[in-house]
Amino acid sequence: MEGKPLVTSKQRTEVVRGVPTQVVCTAFSTHILVVVTQFGKMGTLVAVEPSKVASDVSKPVLTTKVLLGQDEPLIHVFAKHLGAFVSQEAGNKAVLLAVAMRDRSLEGLTAVRQAVQACQVW
């Protein structure tokens, strides 16, 4: 019985502002796992959960929660930006984002977003 695989995954390596960056995207039934690393390890794990707002159901509000690693404001900004993009593209699924980045600049974030988009599994 042939069917769609239970877990779909893609990976890609891009050079982001001179630093090799690995991106792995894995789609599960209810979550999307995105790993972005410049160190070869998972780093900080952040849960990005969409929740509906009563006043405007079409736009989910994203909440971020650091599950493992450093809980810094910049990690939440990074997670909301990437998580919002992935969640909306995947039909408002929850996103688990693992981030280990040297470069956390806006330009780096934009380049990482393009790499994640090229690694799309949803």
# chains A, B, ... in the order shown; residues from 1 in each chain; ligands from 1
$ residues_around --residues "Ser9 of chain A" --least-positions-apart "6" --cutoff "10 Å" --atoms "only C-alpha atoms" --output "ChimeraX atom specification"
/A:24-28,32-34,119-122
$ write_last_selection --atoms "N, CA, C and O atoms" --output "PDB file, in the first residue's frame"
ATOM      1  N   VAL A  24      17.311  22.365   7.891  1.00  0.00           N
ATOM      2  CA  VAL A  24      16.570  21.115   7.765  1.00  0.00           C
ATOM      3  C   VAL A  24      15.120  21.411   8.110  1.00  0.00           C
ATOM      4  O   VAL A  24      14.830  21.986   9.162  1.00  0.00           O
ATOM      5  N   CYS A  25      14.209  21.037   7.213  1.00  0.00           N
ATOM      6  CA  CYS A  25      12.773  21.211   7.448  1.00  0.00           C
ATOM      7  C   CYS A  25      12.119  19.837   7.431  1.00  0.00           C
ATOM      8  O   CYS A  25      12.319  19.069   6.485  1.00  0.00           O
ATOM      9  N   THR A  26      11.341  19.544   8.464  1.00  0.00           N
ATOM     10  CA  THR A  26      10.650  18.266   8.580  1.00  0.00           C
ATOM     11  C   THR A  26       9.192  18.525   8.905  1.00  0.00           C
ATOM     12  O   THR A  26       8.888  19.266   9.837  1.00  0.00           O
ATOM     13  N   ALA A  27       8.306  17.905   8.139  1.00  0.00           N
ATOM     14  CA  ALA A  27       6.865  18.073   8.349  1.00  0.00           C
ATOM     15  C   ALA A  27       6.310  16.845   9.043  1.00  0.00           C
ATOM     16  O   ALA A  27       6.469  15.724   8.567  1.00  0.00           O
ATOM     17  N   PHE A  28       5.674  17.077  10.178  1.00  0.00           N
ATOM     18  CA  PHE A  28       4.929  16.049  10.890  1.00  0.00           C
ATOM     19  C   PHE A  28       3.445  16.363  10.711  1.00  0.00           C
ATOM     20  O   PHE A  28       3.088  17.368  10.120  1.00  0.00           O
ATOM     21  N   ILE A  32       5.692  21.506  12.294  1.00  0.00           N
ATOM     22  CA  ILE A  32       6.797  21.624  11.348  1.00  0.00           C
ATOM     23  C   ILE A  32       8.055  21.867  12.180  1.00  0.00           C
ATOM     24  O   ILE A  32       8.077  22.756  13.034  1.00  0.00           O
ATOM     25  N   LEU A  33       9.095  21.057  11.960  1.00  0.00           N
ATOM     26  CA  LEU A  33      10.374  21.250  12.636  1.00  0.00           C
ATOM     27  C   LEU A  33      11.334  21.911  11.659  1.00  0.00           C
ATOM     28  O   LEU A  33      11.527  21.421  10.545  1.00  0.00           O
ATOM     29  N   VAL A  34      11.902  23.042  12.075  1.00  0.00           N
ATOM     30  CA  VAL A  34      12.879  23.759  11.258  1.00  0.00           C
ATOM     31  C   VAL A  34      14.153  23.903  12.094  1.00  0.00           C
ATOM     32  O   VAL A  34      14.121  24.458  13.189  1.00  0.00           O
ATOM     33  N   CYS A 119      13.618  25.030   1.159  1.00  0.00           N
ATOM     34  CA  CYS A 119      13.602  23.716   1.805  1.00  0.00           C
ATOM     35  C   CYS A 119      12.175  23.301   2.188  1.00  0.00           C
ATOM     36  O   CYS A 119      11.977  22.447   3.029  1.00  0.00           O
ATOM     37  N   GLN A 120      11.209  23.888   1.578  1.00  0.00           N
ATOM     38  CA  GLN A 120       9.795  23.749   1.943  1.00  0.00           C
ATOM     39  C   GLN A 120       9.305  22.300   1.818  1.00  0.00           C
ATOM     40  O   GLN A 120       9.483  21.669   0.787  1.00  0.00           O
ATOM     41  N   VAL A 121       8.677  21.786   2.881  1.00  0.00           N
ATOM     42  CA  VAL A 121       8.112  20.439   2.886  1.00  0.00           C
ATOM     43  C   VAL A 121       6.614  20.427   3.198  1.00  0.00           C
ATOM     44  O   VAL A 121       6.012  19.382   3.304  1.00  0.00           O
ATOM     45  N   TRP A 122       6.017  21.572   3.370  1.00  0.00           N
ATOM     46  CA  TRP A 122       4.611  21.633   3.733  1.00  0.00           C
ATOM     47  C   TRP A 122       3.746  21.894   2.547  1.00  0.00           C
ATOM     48  O   TRP A 122       4.141  22.214   1.483  1.00  0.00           O
TER      49      TRP A 122
END
$ select_by_dssp --residues "chain A" --states "alpha helix (DSSP H)" --output "PDB file with C-alpha atoms, in the first residue's frame"
ATOM      1  CA  PRO A  73      14.700  38.678  23.283  1.00  0.00           C
ATOM      2  CA  LEU A  74      16.537  38.342  19.946  1.00  0.00           C
ATOM      3  CA  ILE A  75      15.709  34.616  19.823  1.00  0.00           C
ATOM      4  CA  HIS A  76      11.991  35.465  20.150  1.00  0.00           C
ATOM      5  CA  VAL A  77      12.245  38.009  17.314  1.00  0.00           C
ATOM      6  CA  PHE A  78      14.064  35.497  15.116  1.00  0.00           C
ATOM      7  CA  ALA A  79      11.532  32.771  15.988  1.00  0.00           C
ATOM      8  CA  LYS A  80       8.482  34.970  15.372  1.00  0.00           C
ATOM      9  CA  HIS A  81       9.775  36.102  11.988  1.00  0.00           C
ATOM     10  CA  LEU A  82      10.681  32.618  10.732  1.00  0.00           C
ATOM     11  CA  GLY A  83       7.856  30.885  12.598  1.00  0.00           C
ATOM     12  CA  ALA A  84       5.192  33.212  11.194  1.00  0.00           C
ATOM     13  CA  PHE A  85       6.395  32.583   7.656  1.00  0.00           C
ATOM     14  CA  VAL A  86       6.494  28.786   8.064  1.00  0.00           C
ATOM     15  CA  SER A  87       3.246  28.556  10.036  1.00  0.00           C
ATOM     16  CA  GLN A  88       1.262  30.621   7.530  1.00  0.00           C
ATOM     17  CA  GLU A  89       2.685  28.705   4.568  1.00  0.00           C
ATOM     18  CA  LEU A 106      18.377  41.405   9.583  1.00  0.00           C
ATOM     19  CA  GLU A 107      20.270  40.515   6.413  1.00  0.00           C
ATOM     20  CA  GLY A 108      21.157  37.110   7.867  1.00  0.00           C
ATOM     21  CA  LEU A 109      17.553  36.524   8.875  1.00  0.00           C
ATOM     22  CA  THR A 110      16.351  37.384   5.362  1.00  0.00           C
ATOM     23  CA  ALA A 111      18.880  34.976   3.824  1.00  0.00           C
ATOM     24  CA  VAL A 112      17.852  32.221   6.263  1.00  0.00           C
ATOM     25  CA  ARG A 113      14.198  32.778   5.402  1.00  0.00           C
ATOM     26  CA  GLN A 114      14.997  32.271   1.709  1.00  0.00           C
ATOM     27  CA  ALA A 115      16.883  29.059   2.538  1.00  0.00           C
ATOM     28  CA  VAL A 116      13.918  27.806   4.595  1.00  0.00           C
ATOM     29  CA  GLN A 117      11.568  28.649   1.739  1.00  0.00           C
ATOM     30  CA  ALA A 118      13.754  26.633  -0.665  1.00  0.00           C
TER      31      ALA A 118
END
$ closest_residue --among "A:Val36, A:Val15, A:Leu6, A:Val99" --to "Leu67 of chain A" --atoms "only C-alpha atoms"
A:Val99
$ closest_residue --among "A:Thr8, A:Arg104, A:Gly43, A:His31" --to "Val66 of chain A" --atoms "only C-alpha atoms"
A:Gly43
$ select_by_dssp --residues "chain A" --states "strand (DSSP E or B)" --output "PDB file with N, CA and C atoms, in the first residue's frame"
ATOM      1  N   THR A   8       8.066  13.924   6.184  1.00  0.00           N
ATOM      2  CA  THR A   8       8.740  14.441   4.998  1.00  0.00           C
ATOM      3  C   THR A   8       9.817  15.413   5.451  1.00  0.00           C
ATOM      4  N   SER A   9      11.011  15.263   4.895  1.00  0.00           N
ATOM      5  CA  SER A   9      12.115  16.101   5.334  1.00  0.00           C
ATOM      6  C   SER A   9      12.983  16.513   4.142  1.00  0.00           C
ATOM      7  N   LYS A  10      13.506  17.737   4.200  1.00  0.00           N
ATOM      8  CA  LYS A  10      14.468  18.240   3.215  1.00  0.00           C
ATOM      9  C   LYS A  10      15.556  18.986   3.960  1.00  0.00           C
ATOM     10  N   GLN A  11      16.746  18.957   3.395  1.00  0.00           N
ATOM     11  CA  GLN A  11      17.825  19.745   3.989  1.00  0.00           C
ATOM     12  C   GLN A  11      18.593  20.457   2.904  1.00  0.00           C
ATOM     13  N   ARG A  12      19.270  21.506   3.318  1.00  0.00           N
ATOM     14  CA  ARG A  12      19.948  22.381   2.365  1.00  0.00           C
ATOM     15  C   ARG A  12      21.080  23.102   3.098  1.00  0.00           C
ATOM     16  N   THR A  13      22.146  23.380   2.378  1.00  0.00           N
ATOM     17  CA  THR A  13      23.239  24.177   2.934  1.00  0.00           C
ATOM     18  C   THR A  13      23.393  25.427   2.081  1.00  0.00           C
ATOM     19  N   GLU A  14      23.370  26.574   2.728  1.00  0.00           N
ATOM     20  CA  GLU A  14      23.514  27.871   2.063  1.00  0.00           C
ATOM     21  C   GLU A  14      24.636  28.629   2.770  1.00  0.00           C
ATOM     22  N   VAL A  15      25.278  29.529   2.053  1.00  0.00           N
ATOM     23  CA  VAL A  15      26.250  30.422   2.672  1.00  0.00           C
ATOM     24  C   VAL A  15      25.510  31.719   2.999  1.00  0.00           C
ATOM     25  N   VAL A  16      25.382  31.997   4.300  1.00  0.00           N
ATOM     26  CA  VAL A  16      24.679  33.186   4.775  1.00  0.00           C
ATOM     27  C   VAL A  16      25.709  34.158   5.322  1.00  0.00           C
ATOM     28  N   VAL A  19      29.031  32.546   6.039  1.00  0.00           N
ATOM     29  CA  VAL A  19      29.065  31.430   6.978  1.00  0.00           C
ATOM     30  C   VAL A  19      28.185  30.295   6.437  1.00  0.00           C
ATOM     31  N   PRO A  20      28.743  29.076   6.278  1.00  0.00           N
ATOM     32  CA  PRO A  20      27.909  27.950   5.840  1.00  0.00           C
ATOM     33  C   PRO A  20      26.795  27.698   6.859  1.00  0.00           C
ATOM     34  N   THR A  21      25.579  27.597   6.364  1.00  0.00           N
ATOM     35  CA  THR A  21      24.399  27.450   7.218  1.00  0.00           C
ATOM     36  C   THR A  21      23.580  26.259   6.738  1.00  0.00           C
ATOM     37  N   GLN A  22      23.310  25.339   7.650  1.00  0.00           N
ATOM     38  CA  GLN A  22      22.499  24.182   7.317  1.00  0.00           C
ATOM     39  C   GLN A  22      21.057  24.441   7.748  1.00  0.00           C
ATOM     40  N   VAL A  23      20.124  24.070   6.864  1.00  0.00           N
ATOM     41  CA  VAL A  23      18.699  24.198   7.141  1.00  0.00           C
ATOM     42  C   VAL A  23      18.071  22.832   6.910  1.00  0.00           C
ATOM     43  N   VAL A  24      17.311  22.365   7.891  1.00  0.00           N
ATOM     44  CA  VAL A  24      16.570  21.115   7.765  1.00  0.00           C
ATOM     45  C   VAL A  24      15.120  21.411   8.110  1.00  0.00           C
ATOM     46  N   CYS A  25      14.209  21.037   7.213  1.00  0.00           N
ATOM     47  CA  CYS A  25      12.773  21.211   7.448  1.00  0.00           C
ATOM     48  C   CYS A  25      12.119  19.837   7.431  1.00  0.00           C
ATOM     49  N   THR A  26      11.341  19.544   8.464  1.00  0.00           N
ATOM     50  CA  THR A  26      10.650  18.266   8.580  1.00  0.00           C
ATOM     51  C   THR A  26       9.192  18.525   8.905  1.00  0.00           C
ATOM     52  N   ALA A  27       8.306  17.905   8.139  1.00  0.00           N
ATOM     53  CA  ALA A  27       6.865  18.073   8.349  1.00  0.00           C
ATOM     54  C   ALA A  27       6.310  16.845   9.043  1.00  0.00           C
ATOM     55  N   HIS A  31       2.917  19.459  13.368  1.00  0.00           N
ATOM     56  CA  HIS A  31       4.004  20.414  13.594  1.00  0.00           C
ATOM     57  C   HIS A  31       4.971  20.423  12.413  1.00  0.00           C
ATOM     58  N   ILE A  32       5.692  21.506  12.294  1.00  0.00           N
ATOM     59  CA  ILE A  32       6.797  21.624  11.348  1.00  0.00           C
ATOM     60  C   ILE A  32       8.055  21.867  12.180  1.00  0.00           C
ATOM     61  N   LEU A  33       9.095  21.057  11.960  1.00  0.00           N
ATOM     62  CA  LEU A  33      10.374  21.250  12.636  1.00  0.00           C
ATOM     63  C   LEU A  33      11.334  21.911  11.659  1.00  0.00           C
ATOM     64  N   VAL A  34      11.902  23.042  12.075  1.00  0.00           N
ATOM     65  CA  VAL A  34      12.879  23.759  11.258  1.00  0.00           C
ATOM     66  C   VAL A  34      14.153  23.903  12.094  1.00  0.00           C
ATOM     67  N   VAL A  35      15.257  23.384  11.560  1.00  0.00           N
ATOM     68  CA  VAL A  35      16.553  23.504  12.216  1.00  0.00           C
ATOM     69  C   VAL A  35      17.421  24.407  11.348  1.00  0.00           C
ATOM     70  N   VAL A  36      17.937  25.478  11.947  1.00  0.00           N
ATOM     71  CA  VAL A  36      18.826  26.413  11.254  1.00  0.00           C
ATOM     72  C   VAL A  36      20.096  26.508  12.090  1.00  0.00           C
ATOM     73  N   THR A  37      21.229  26.079  11.519  1.00  0.00           N
ATOM     74  CA  THR A  37      22.448  26.062  12.314  1.00  0.00           C
ATOM     75  C   THR A  37      23.669  26.493  11.512  1.00  0.00           C
ATOM     76  N   THR A  44      19.206  26.590  20.370  1.00  0.00           N
ATOM     77  CA  THR A  44      18.017  26.939  21.152  1.00  0.00           C
ATOM     78  C   THR A  44      16.762  26.413  20.460  1.00  0.00           C
ATOM     79  N   LEU A  45      15.922  25.711  21.205  1.00  0.00           N
ATOM     80  CA  LEU A  45      14.680  25.157  20.669  1.00  0.00           C
ATOM     81  C   LEU A  45      13.516  26.029  21.120  1.00  0.00           C
ATOM     82  N   VAL A  46      12.762  26.542  20.138  1.00  0.00           N
ATOM     83  CA  VAL A  46      11.660  27.460  20.407  1.00  0.00           C
ATOM     84  C   VAL A  46      10.376  26.894  19.808  1.00  0.00           C
ATOM     85  N   ALA A  47       9.309  26.891  20.608  1.00  0.00           N
ATOM     86  CA  ALA A  47       7.983  26.502  20.118  1.00  0.00           C
ATOM     87  C   ALA A  47       7.265  27.768  19.664  1.00  0.00           C
ATOM     88  N   VAL A  48       6.748  27.744  18.440  1.00  0.00           N
ATOM     89  CA  VAL A  48       5.980  28.863  17.892  1.00  0.00           C
ATOM     90  C   VAL A  48       4.568  28.344  17.645  1.00  0.00           C
ATOM     91  N   GLU A  49       3.631  28.816  18.458  1.00  0.00           N
ATOM     92  CA  GLU A  49       2.252  28.321  18.416  1.00  0.00           C
ATOM     93  C   GLU A  49       1.304  29.392  17.908  1.00  0.00           C
ATOM     94  N   PRO A  50       0.537  29.088  16.867  1.00  0.00           N
ATOM     95  CA  PRO A  50      -0.494  30.028  16.424  1.00  0.00           C
ATOM     96  C   PRO A  50      -1.746  29.875  17.282  1.00  0.00           C
ATOM     97  N   SER A  51      -2.387  30.994  17.584  1.00  0.00           N
ATOM     98  CA  SER A  51      -3.658  30.937  18.310  1.00  0.00           C
ATOM     99  C   SER A  51      -4.598  31.954  17.682  1.00  0.00           C
ATOM    100  N   VAL A  61      -2.349  34.874  16.084  1.00  0.00           N
ATOM    101  CA  VAL A  61      -1.320  35.505  16.897  1.00  0.00           C
ATOM    102  C   VAL A  61      -0.333  34.408  17.260  1.00  0.00           C
ATOM    103  N   LEU A  62       0.945  34.690  17.101  1.00  0.00           N
ATOM    104  CA  LEU A  62       1.959  33.690  17.394  1.00  0.00           C
ATOM    105  C   LEU A  62       2.555  33.931  18.772  1.00  0.00           C
ATOM    106  N   THR A  63       2.661  32.863  19.528  1.00  0.00           N
ATOM    107  CA  THR A  63       3.340  32.932  20.809  1.00  0.00           C
ATOM    108  C   THR A  63       4.607  32.094  20.712  1.00  0.00           C
ATOM    109  N   THR A  64       5.669  32.589  21.297  1.00  0.00           N
ATOM    110  CA  THR A  64       6.929  31.859  21.290  1.00  0.00           C
ATOM    111  C   THR A  64       7.300  31.482  22.713  1.00  0.00           C
ATOM    112  N   LYS A  65       7.859  30.287  22.829  1.00  0.00           N
ATOM    113  CA  LYS A  65       8.301  29.820  24.139  1.00  0.00           C
ATOM    114  C   LYS A  65       9.596  29.050  23.950  1.00  0.00           C
ATOM    115  N   VAL A  66      10.644  29.477  24.651  1.00  0.00           N
ATOM    116  CA  VAL A  66      11.922  28.777  24.579  1.00  0.00           C
ATOM    117  C   VAL A  66      11.797  27.495  25.404  1.00  0.00           C
ATOM    118  N   LEU A  67      12.023  26.365  24.750  1.00  0.00           N
ATOM    119  CA  LEU A  67      11.926  25.074  25.417  1.00  0.00           C
ATOM    120  C   LEU A  67      13.276  24.594  25.928  1.00  0.00           C
ATOM    121  N   LEU A  68      14.332  24.999  25.210  1.00  0.00           N
ATOM    122  CA  LEU A  68      15.668  24.535  25.558  1.00  0.00           C
ATOM    123  C   LEU A  68      16.675  25.561  25.057  1.00  0.00           C
ATOM    124  N   ALA A  94       1.699  24.498  14.071  1.00  0.00           N
ATOM    125  CA  ALA A  94       2.694  24.884  15.067  1.00  0.00           C
ATOM    126  C   ALA A  94       4.086  24.583  14.503  1.00  0.00           C
ATOM    127  N   VAL A  95       5.066  25.385  14.937  1.00  0.00           N
ATOM    128  CA  VAL A  95       6.433  25.249  14.437  1.00  0.00           C
ATOM    129  C   VAL A  95       7.378  25.058  15.616  1.00  0.00           C
ATOM    130  N   LEU A  96       8.265  24.080  15.494  1.00  0.00           N
ATOM    131  CA  LEU A  96       9.380  23.940  16.423  1.00  0.00           C
ATOM    132  C   LEU A  96      10.606  24.423  15.672  1.00  0.00           C
ATOM    133  N   LEU A  97      11.268  25.423  16.219  1.00  0.00           N
ATOM    134  CA  LEU A  97      12.404  26.042  15.549  1.00  0.00           C
ATOM    135  C   LEU A  97      13.647  25.851  16.407  1.00  0.00           C
ATOM    136  N   ALA A  98      14.670  25.232  15.824  1.00  0.00           N
ATOM    137  CA  ALA A  98      15.954  25.076  16.500  1.00  0.00           C
ATOM    138  C   ALA A  98      16.935  26.027  15.820  1.00  0.00           C
ATOM    139  N   VAL A  99      17.534  26.923  16.596  1.00  0.00           N
ATOM    140  CA  VAL A  99      18.388  27.977  16.040  1.00  0.00           C
ATOM    141  C   VAL A  99      19.754  27.970  16.721  1.00  0.00           C
ATOM    142  N   ALA A 100      20.806  27.905  15.901  1.00  0.00           N
ATOM    143  CA  ALA A 100      22.176  28.071  16.382  1.00  0.00           C
ATOM    144  C   ALA A 100      22.893  28.933  15.343  1.00  0.00           C
TER     145      ALA A 100
END
$ atom_distance --atom1 "atom CA of Ser105 of chain A" --atom2 "atom CA of Lys41 of chain A"
19.7 Å
